[in-house]
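J.: Let me begin by handing over the structure; questions about it come next.
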Amino acid sequence: MKNIKIYSLFIVFLFAATQTVHAQERNITGNVRASGNGSPLIGVTVYIQGTTVSTVTDAQGNYSIQVDAPEDILVFSSLGFEETRTVAGDRTVIDVLLIETALDLEEMVIIGYGKTTKKEVTGSIASLKPEDFNHGTFTTAAGLLQGKVAGLTVVNASGGDPNGNFEILLRGTNSLSAGQGPLIIIDGVVGADIRNINYQEVESIDVLKDGSAAAIYGTRGTNGVVIITTKRAQAGTTQVEYDGQVSVQTVQSRAIPLTAKEFTEVINQYKPAASGSLYGAETDWFRELTRTPISHKHSLALSGGSEKFSHRTVLNIEDNQGIQKKNESQKFLIKTNIKQSALQGWLDFDYNIFGSKRKYSPANYSAFEQAFYHNPTEPIYDPENEVSGGYYRIAEMAYYNPVAMINEQIQEREADDFGASVRATLNVLPIEGLKWDNFVSYNQQRYQSNSYRTRYYPSSIGQDGVASISNEYTNDIQYESTVNYSNTFNKHSIQAVLGYAYQRQTGEYGSMGNQGFDTDDWLTHNIGAGTSLKEGLASMYSYKESNTYIAFFGRVMYNYDEKYLASVSLRRDGSSRFGKDNKWGWFPAVSLGWRLDREEWLQDVEWISDLKLRAGYGVTGNQDFSNYKSLMLMKVSGKFFYNNEWINTYAPASNPNYNLAWEKKAEYNVGIDYGLFDFRLRGSIDYYYRLTSNLLYTYSVPTPPYVYDELFTNVGKISNQGIEVTISADVFKEEDLYWNTYLTFSKNMNKLIAFTNEEFQNGSYHVGWLPTPVGAYAQRLEEGKSLGSFYGPVWQGIDENGNDILKNAIGGIVSESMWENLGCAYPDFQLNWGNSFNYKNFDFSFMFRASIGGKVFNRYAAEYQNITALGLKNIMASWMDNTAFTGNVKYSSKYLEDATYVKLDNITLGYTFDLDNDYMKKLRVNLTGQNVFCITGYSGVDPEVSLSGLAPGIESLSYYPRTTVITLGVNLVF
Amino acid sequence: MKIKYLTIILGAATVMGCTDLTEEVYSEIPADNFFKNEKELISNVGRAYTKLQAYGTEQSLWTLNLQVTDECAAPVNANGSWTEERYQELQYHNFNQSNKLVRKGWEYCFDGVASCNEILYTTAQSAIEFEGKDKILAEVKLLRAYFYFMGVDGWGNVPFSEDYSDPSYPEQKDRNFMFSWIENEILENVDKLEQNPTPEYYGRVTQGMAYTLLAKLYMMSQEWTGTPRWEEAEAACKKVIDSGAYLIEDNYSDNFKPYNEGSRENIFTIVYNTIYTTSDHNAFIIYMLVLHPSSCATFNIPATPWDGFVCQPDFFAKYDPADTRRSDTWLSGQQYDVTGKPIDGFVITPLFEESKYRNGRDTYDGAKLRKWSYQTDGLLLGGQTSMENDFAIFRYSDLILMYAESLVRQGRAAEAAGLEELAKIRTRAGLAPYSAGQLSLDELYDERGRELAWEGWRRQDMIRFGKFNDPWWAKKASAQNKKIYPIPREALASNPNLVQNPGY
């Protein structure tokens with residue numbers, strides 16, 4: 001009886017208790033939608049913070065969840081959206097609008113030795129994906145970047161040369177004599193050759209612009225780092241992709257001389273004394289040298305596999321022609337990337353193997369120069385002339401028949417590259433977020449160049465054929481070992497890396513040359529038969545060098561609640577190139593970020609989707625110069641007649657400098673990343689200041705006591721500061737119509753702060769030598785001024801005798817002390833403006849690139865816009881616009897012109913077909929025009945000249961004409 | 001225990017390997033691995049002689065000194081080439097510190113001095129002894145004295161340094177100081193040198209060379225220090241004459257032909273060789289600077305020369321038509337090909353108006369040098385291929401003329417007229433020997449011009465005879481300060497101790 005009472009009381013109590021629990025427990029329902037267009041969101045995870053209670057929204061975006069207490073916090077989380085929390089309170093229905101984190105913030109950004117998301121980045125990093133790249137056809141992958149990143153200048157100084165390379169400069173010129181281009185990393189291989197990848201295979205390019213991001217690369221990071229990642233193996237069904245392009249070129253810009261008719265008229269009217277140079281023929285030398293080139297490229301990629309084993313293999317074949325006859329290149333490339341996972345996820349392997357062969361016949365740039373000034377009334381051939389081989393020949397200094405130059409020279413070059421790398425990652429599964437990564441890579445290149453000039457090649461007539469063969473073998477071994485740890489607990493998130501890197505490069509070079517062959521049929525394949533060998537006039541050469549590079553580094557990235565971000569890194573670097581007491585250096589960096597949009601007081605401001613403030617500081621170095629500069633080495637010097645025979649003498653190779661040390665660049669960067677109106681308007685603004693100290697330069701030293709008048713040593717400072725602004729706006733973002741426009745603006749100011757110290761007092765150097773007939777140094781390196789500062793006499797007009805009037809001239813000559821600062825080669829600022837449209841199945845984009853300000857020296861005008869040269873040589877057609885000038889050439893500001901230009905770099909129209917079958921998944925065709933037109937006031941060939949080096953802004957006489965390229969492409973995915 | 005040590009060693013070895021940054025050199029020799037034996041020492045010392053080889057290149061002290069005198073000109077040619085201001089500046093005596101040839105001349109002298117200093121220092125450091133070590137070191141000291149002599153001759157106030165191990169900026173010294181120093185150097189070292197020139201000593205510094213240099217130094221004493229030293233000059237010349245090692249050759253051109261090693265008139269030569277001194281900085285290439293491409297047919301020369309330097313018309317006129325040296329030195333009149341057939345239309349006109357200097361001369365205007373006769377073996381290929389002819393800096397004929405001059409300046413013209421060698425110089429040129437009355441300073445000045453045309457001493461002679469600032473042909477009178485060149489801008493900039501010469 002008593003027991004039953006107790007039990008029932010207990011049961012009632014239990015019932016009551018549960019009833020109480022049930023009384024507080026309730027069901028909350030609601031609907032989850034996207035804030036952008038209000039569409040319901042499927043599959044959103046809804047859970048109660050701190051518990052395991054969770055559910056998922058259904059196809060209508062509805063959910064239902066049990067809540068215990070009013071204080072419970074409901075969390076709504078979905079990939080691509082901002083995580084949202086709300087307190088349950090007394091409500092039974094809670095509807096939520098989730099804000100899209102535009103793929104922007106979640107996007108992966110590759111930073112040195114790791115990756116992170118865009119929202120966590122604290123340095124100044126530009127990250128580009130395939131949709132951001134330029135369209136069209138390029139000689140190397142650097143073309144994809146042209147005009148896309150504020151502060152990154154990609155210059156194509158070689159025009160339409162299919163073997164030309166792009167010149168890359170980031171945030172100004174930071175060094176006088178060490179290398180000035182950024183470090184290029186391709187798939188983890190540091191300093192890889194950009195020609196060995198197929199640019200269509202590039203998956204992302206990340207540019208580490210400021211010191212805090214690049215410091216993890218220590219001495220290699222001074223000029224920024226460009227990290228290129230190619231498409232990786234992917235699990236999934238087998239996919240076959242084909243990409244084909246056919247392109248044709250026409251000449252857009254070149255130096256224009258007088259035609260045969262104009263030549264005859266000008267001589268008869270203005271320089272009758274030269275009428276002996278009128279031979280009566282009509283030759284267009286430029287036309288004789290060129291053709292309409294057709295190039296095509298094909299790329300086939302296969303990928304597929306499972307989670308445990310997948311691959312991506314690419315086959316790439318290219319045949320490119322240049323506009324100069326016989327100038328072409330072929331490329332064959334095969335590359336495979338394999339991913340493999342073993343031991344139940346403990347080990348991951350990533351293999352990358354490639355082999356490539358590039359065969360090319362290089363252009364003869366000086367043939368274009370000769371074609372320019374060759375007499376247009378000269379016939380091409382002269383069958384009576386046996387010595388010249390039937391070509392019309394006037395034997396004068398540096399005056400050669402351009403058709404003979406092209407026909408009588410055979411040049412074949414071949415480069416065989418091979419590379420293999422393995423990345424083995426040990427995932428320490430018990431400890432979440434810890435892994436140990438090892439990377440080994442081997443790259444080698446074998447290069448051979450065969451060049452044969454027949455007995456009729458104009459500059460070597462009389463030598464009976466000149467043959468030369470040269471070889472190069474270079475290899476590069478890298479090893480990297482890093483331990484990575486990343487974890488999140490509560491609101492703290494940490495990502496750390498600790499590592500060691502080793503790299504060794506070796507190069508072997510050799511060449512041989514001989515002359516005097518009985519027949520031209522052998523070309524270079526019987527080089528021993530030349531008679532010069534027995535006469536002692538053949539040549540042989542070989543050389544070998546190597547260098548090593550070692551580093552220890554570490555970095556910690558931390559964020560609190562994704563609101564406050566910090567990153568600290570330190571690198572200890574050593575390079576064999578420095579003096580024995582200075583081989584190692586420390587390179588620290590720190591950067592901070594603050595995501596304002598995550599703050600409470602900004603949560604309500606709807607039009608701000610993302611606002612991040614960043615500030616960073618980092619120190620990097622530069623070791624990009626030749627080997628052995630710190631040593632005292634003896635090299636073979638001239639010959640000395642001793643005891644009736646000629647013996648070798650030896651001399652020190654250079655003035656030694658045992659104290660050769662690092663150039664150090666410290667950089668401050670502050671920036672704002674913003675995303676407004678749901679990321680419809682986004683971009684960033686950066687301001688930076690970089691100071692390179694211990695500048696390396698070849699200083700003039702007095703002889704005696706030094707044996708040579710130059711010493712490569714550290715003295716001086718150079719600074720660059722500037723602003724970069726990027727704005728990208730989605731003007732229309734509807735279902736059928738999408739229009740994005742972007743603008744980048746960059747301004748850089750360069751200043752050579754000092755290059756004197758107690759030991760080296762020379763405050764000013766003359767650089768930029770312009771040879772005969774100008775015969776002057778165009779620029780000076782001066783403390784307190786920018787690099788690329790032009791100095792010269794000021795031109796004031798032409799006098800009645802047809803001579804130049806120069807300010808402060810005495811007897812027609814202006815002494816150097818009266819020369820003025822005429823301007824700087826660097827532009828005032830650079831702007832890029834691009835647009836892309838999508839309408840139904842069509843896509844259309846175009847991009848303008850503008851450089852405003854700066855000066856360029858017009859060498860063609862200086863040397864050929866006068867009639868002194870007329871007679872033997874042709875002159876510029878533009879002289880006829882100003883026939884009052886009949887004097888000799890004098891260096892002055894007359895030939896220094898404004899380098900402002902606006903170029904329509906790229907215009908593309910594409911169409912993607914709607915496909916409805918099992919075989920083809922995607923078919924797209926496109927038509928692209930590149931280098932379409934250039935708006936400029938410059939009267940020369942192209943104001944876009946080389947901006948690197950110590951004497952930027954001077955146009956070269958030997959150049960490759962600028963061409964407009966039209967490409968038709970097709971892209972198929974099976 | 002063993003395992004622990006093994007791991008430590010292995011660990012240490014790996015760490016060492018992991019952090020080893022020593023350079024490996026394959027194609028050069030690290031300096032501390034050099035100077036191990038006599039052969040290496042000689043190959044280092046011999047380098048001092050190679051510094052002389054730059055004399056015959058396109059831009060060097062020799063071509064600089066040619067342009068400022070009355071014996072050579074580089075007018076604008078018929079094709080509009082050679083308009084560079086640097087040549088006109090030199091011809092008009094308008095040169096300034098930026099002139100490229102002035103810089104190249106300076107570099108010739110002082111690169112030579114610096115190399116000699118370095119060689120003396122490193123050789124002294126080496127403990128290796130060999131026979132002839134003292135002699136060869138004395139030769140290097142004489143070469144250094146020669147380079148300083150040429151430097152002081154050109155620039156007057158020069159940076160002075162004789163110790164390689166002292167890296168401080170050299171002080172600038174004037175002609176008085178340098179005169180004593182050079183004189184001392186020669187006198188201290190002359191006895192260690194080889195006395196007589198033997199074939200295996202060809203091209204090396206001998207006592208004859210040392211005394212000739214001393215004689216030249218004394219001859220310039222009045223100009224440089226204000227004190228005339230004609231007696232000492234006479235004594236130095238006598239030392240060379242009395243050694244009996246040299247004579248005046250029967251044939252003038254034997255001293256300049258391609259294989260002129262056998263000449264007993266050449267006292268000190270720069271040895272050139274088409275195979276061994278062919279390079280872009282050590283080759284003797286006067287053929288490229290002088291000849292018109294049409295002359296290639298005359299000499300079987302494959303290269304295309306630059307047709308620049310000519311003989312100044314007034315200088316050509318100083319030769320008596322009977323003087324065989326005129327045709328030995330200059331090409332003029334109708335030209336012939338290798339077989340002796342006249343070339344159609346190729347007639348060189350040695351005399352032309354001075355206005356053509358700037359406006360451009362006609363195609364074949366201007367007598368062309370042929371003194372160092374051009375080898376017809378077809379091996380002269382271009383701007384880097386050296387001629388075979390050795391260039392005599394000091395020639396016995398020069399010494400005899402100096403001896404005669406020193407006598408005339410001391411009022412002993414009769415003795416000078418009685419010199420056998422002086423007579424031979426005249427008779428081998430097809431002219432009558434001098435009588436005492438004919439032997440005036442002006443006559444000696446002209447004779448030196450004809451005998452030693454383009455051999456590199458005209459400027460010094462013009463200064464010594466007081467003719468350097470006179471007007472001639474296209475040049476007007478020039479200021480006195482032009483007798484020394486300006487110090488090149490680059491040299492001033494790199495050494496703060498140097499002060500520019502007056503008037504520049």
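Ligands are numbered from 1 in the order shown, chains are lettered A, B, ... in the order of the structure tokens, and residues start at 1 in each chain.
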Would you pick out the contacts of B:Thr304 at 9 Å or less, using only C-alpha atoms, so that residues sharing its chain but fewer than 6 positions from it are not included, and give the list as a list in words?
T.: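 So, after excluding close chain neighbours, the residues are Ala395, Glu396, Met397, Ala398, Ser459 and Ile461 of chain A; Met288, Leu291, His292, Pro293, Cys296, Leu381 and Gly382 of chain B.
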J.: I need the residues from that last selection saved to file as an mmCIF file, in the first residue's frame (with C-alpha atoms), if you can.
T.:
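Result saved to again37.cif:
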```
data_model
loop_
_atom_site.group_PDB
_atom_site.id
_atom_site.type_symbol
_atom_site.label_atom_id
_atom_site.label_comp_id
_atom_site.auth_asym_id
_atom_site.auth_seq_id
_atom_site.Cartn_x
_atom_site.Cartn_y
_atom_site.Cartn_z
ATOM 1 C CA ALA A 395 78.939 48.893 -99.060
ATOM 2 C CA GLU A 396 78.624 51.451 -96.271
ATOM 3 C CA MET A 397 78.885 51.382 -92.517
ATOM 4 C CA ALA A 398 75.822 49.736 -90.914
ATOM 5 C CA SER A 459 77.332 42.333 -92.411
ATOM 6 C CA ILE A 461 80.419 39.386 -96.534
ATOM 7 C CA MET B 288 88.524 50.667 -90.075
ATOM 8 C CA LEU B 291 89.798 53.552 -95.349
ATOM 9 C CA HIS B 292 86.996 54.105 -97.795
ATOM 10 C CA PRO B 293 85.237 50.851 -98.731
ATOM 11 C CA CYS B 296 89.149 47.109 -99.885
ATOM 12 C CA LEU B 381 87.512 41.177 -90.908
ATOM 13 C CA GLY B 382 86.160 44.146 -89.014
#
```
J.: Chain A residues within 7 Å of chain B, counting only C-alpha atoms: which ones, as a ChimeraX atom specification?
T.: /A:395-397,461-462,536-537,543-548,550,575-576,632-635,638-640,643-644,648-651,700-707,761-762,772-773,775,868-869,872
J.: Could the residues in this selection be written to a file with C-alpha atoms, as a short mmCIF file (atom, residue, chain, number, x, y, z; two decimals), in the first residue's frame?
T.:
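selection_7.cif, freshly written:
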```
data_model
loop_
_atom_site.label_atom_id
_atom_site.label_comp_id
_atom_site.auth_asym_id
_atom_site.auth_seq_id
_atom_site.Cartn_x
_atom_site.Cartn_y
_atom_site.Cartn_z
CA ALA A 395 78.94 48.89 -99.06
CA GLU A 396 78.62 51.45 -96.27
CA MET A 397 78.89 51.38 -92.52
CA ILE A 461 80.42 39.39 -96.53
CA GLY A 462 83.96 38.20 -97.00
CA GLY A 536 93.15 30.45 -84.96
CA LEU A 537 90.08 32.62 -85.45
CA TYR A 543 80.90 28.61 -68.28
CA LYS A 544 79.25 27.12 -65.22
CA GLU A 545 77.69 28.70 -62.17
CA SER A 546 75.43 27.84 -59.29
CA ASN A 547 73.75 29.45 -56.34
CA THR A 548 71.95 28.33 -53.22
CA ILE A 550 67.91 28.72 -47.77
CA SER A 575 71.64 33.49 -50.13
CA SER A 576 75.04 32.42 -51.42
CA MET A 632 87.73 38.24 -55.70
CA LEU A 633 88.05 36.03 -58.75
CA MET A 634 90.75 35.89 -61.41
CA LYS A 635 89.61 35.61 -65.00
CA GLY A 638 94.40 39.60 -72.71
CA LYS A 639 97.43 37.91 -74.25
CA PHE A 640 101.06 38.78 -73.64
CA ASN A 643 109.64 34.37 -74.62
CA ASN A 644 108.51 34.18 -78.21
CA ASN A 648 97.25 34.13 -71.26
CA THR A 649 97.23 36.80 -68.62
CA TYR A 650 94.88 36.88 -65.66
CA ALA A 651 93.16 39.79 -64.05
CA SER A 700 82.00 54.74 -59.99
CA VAL A 701 85.22 54.50 -58.07
CA PRO A 702 88.51 56.13 -58.99
CA THR A 703 91.23 54.18 -60.77
CA PRO A 704 93.78 54.21 -59.21
CA PRO A 705 93.53 52.83 -56.58
CA TYR A 706 90.83 50.46 -57.83
CA VAL A 707 91.66 48.35 -60.86
CA GLN A 761 80.27 60.87 -52.74
CA ASN A 762 79.14 60.84 -56.34
CA THR A 772 75.57 58.61 -82.70
CA PRO A 773 74.36 60.91 -84.14
CA GLY A 775 75.64 61.35 -78.73
CA THR A 868 71.43 65.24 -92.95
CA ALA A 869 71.02 61.51 -93.16
CA LEU A 872 72.41 57.06 -98.42
#
```
J.: Find the residues around B:Gly437 up to 10 Å (only C-alpha atoms counted), leave out those fewer than 2 positions away in its own chain, and share them as a VMD selection string.
T.: chain B and resid 413 to 414 417 434 to 435 439 to 440
J.: Would you export the selected residues with C-alpha atoms as a PDB file, in the first residue's frame, please?
T.:
```pdb
ATOM      1  CA  ALA B 413     123.375  73.068 -84.713  1.00  0.00           C
ATOM      2  CA  ALA B 414     126.624  72.200 -86.469  1.00  0.00           C
ATOM      3  CA  ALA B 417     123.992  68.530 -88.806  1.00  0.00           C
ATOM      4  CA  TYR B 434     120.620  69.157 -93.637  1.00  0.00           C
ATOM      5  CA  SER B 435     123.377  71.683 -93.483  1.00  0.00           C
ATOM      6  CA  LEU B 439     118.779  73.256 -89.166  1.00  0.00           C
ATOM      7  CA  SER B 440     116.457  75.704 -87.413  1.00  0.00           C
TER       8      SER B 440
END
```
J.: Which residue gives the smallest distance to B:Phe391 among B:Arg361, B:Arg426, B:Lys216, B:Lys257, with only C-alpha atoms counted?
T.: B:Lys257
J.: I'd like the neighbourhood of B:Trp473 as a PyMOL selection string, where a residue qualifies if any of its atoms comes within 8 Å (using only C-alpha atoms), though same-chain residues fewer than 2 positions away should be ignored.
T.: chain B and resi 70+312-314+354+471+475
J.: For B:Gln88, list every protein, DNA or RNA residue within 9 Å, evaluated using only C-alpha atoms, and leave out those in the same chain fewer than 2 positions away; present the list as a list in words.
T.: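 Near B:Gln88, the qualifying residues are Gln67, Ala73, Ala74, Pro75, Thr83, Glu84, Glu85, Arg86, Leu90, Gln91, Tyr92, His93, Asn94, Phe95, Tyr357 and Arg358 of chain B.
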J.: Would you export the selected residues with N, CA, C and O atoms as a short mmCIF file (atom, residue, chain, number, x, y, z; two decimals), in the first residue's frame, please?
T.:
```cif
data_model
loop_
_atom_site.label_atom_id
_atom_site.label_comp_id
_atom_site.auth_asym_id
_atom_site.auth_seq_id
_atom_site.Cartn_x
_atom_site.Cartn_y
_atom_site.Cartn_z
N GLN B 67 93.33 63.94 -82.98
CA GLN B 67 92.29 64.88 -83.37
C GLN B 67 92.61 66.32 -83.01
O GLN B 67 92.06 67.23 -83.62
N ALA B 73 92.23 64.81 -89.34
CA ALA B 73 90.89 65.41 -89.18
C ALA B 73 89.86 64.33 -89.43
O ALA B 73 90.11 63.35 -90.14
N ALA B 74 88.69 64.49 -88.84
CA ALA B 74 87.58 63.56 -89.08
C ALA B 74 86.39 64.38 -89.58
O ALA B 74 85.44 64.61 -88.84
N PRO B 75 86.43 64.83 -90.83
CA PRO B 75 85.33 65.66 -91.32
C PRO B 75 84.08 64.82 -91.57
O PRO B 75 84.16 63.60 -91.65
N THR B 83 79.41 62.98 -87.90
CA THR B 83 78.97 64.31 -87.49
C THR B 83 79.09 64.50 -85.99
O THR B 83 78.76 65.54 -85.47
N GLU B 84 79.57 63.49 -85.27
CA GLU B 84 79.59 63.59 -83.81
C GLU B 84 80.33 64.83 -83.35
O GLU B 84 81.42 65.13 -83.82
N GLU B 85 79.75 65.50 -82.38
CA GLU B 85 80.38 66.71 -81.89
C GLU B 85 81.72 66.46 -81.24
O GLU B 85 82.56 67.34 -81.21
N ARG B 86 81.93 65.27 -80.73
CA ARG B 86 83.17 65.09 -79.99
C ARG B 86 84.40 65.29 -80.87
O ARG B 86 85.43 65.76 -80.41
N LEU B 90 87.17 68.58 -80.55
CA LEU B 90 88.61 68.40 -80.40
C LEU B 90 89.35 69.19 -81.46
O LEU B 90 90.35 69.85 -81.17
N GLN B 91 88.87 69.15 -82.68
CA GLN B 91 89.56 69.84 -83.76
C GLN B 91 89.59 71.35 -83.51
O GLN B 91 90.60 71.98 -83.73
N TYR B 92 88.48 71.89 -83.01
CA TYR B 92 88.40 73.34 -82.78
C TYR B 92 88.96 73.74 -81.42
O TYR B 92 88.88 74.89 -81.04
N HIS B 93 89.49 72.78 -80.68
CA HIS B 93 89.97 73.05 -79.31
C HIS B 93 88.84 73.60 -78.44
O HIS B 93 89.03 74.53 -77.66
N ASN B 94 87.67 73.00 -78.59
CA ASN B 94 86.49 73.39 -77.81
C ASN B 94 86.12 72.34 -76.81
O ASN B 94 84.98 72.26 -76.37
N PHE B 95 87.07 71.46 -76.50
CA PHE B 95 86.70 70.30 -75.71
C PHE B 95 86.38 70.69 -74.27
O PHE B 95 86.87 71.67 -73.74
N TYR B 357 84.86 70.73 -93.89
CA TYR B 357 84.99 69.99 -92.64
C TYR B 357 83.63 69.79 -91.98
O TYR B 357 83.30 68.71 -91.51
N ARG B 358 82.82 70.83 -91.98
CA ARG B 358 81.50 70.69 -91.37
C ARG B 358 80.42 70.34 -92.38
O ARG B 358 79.41 69.74 -92.02
#
```
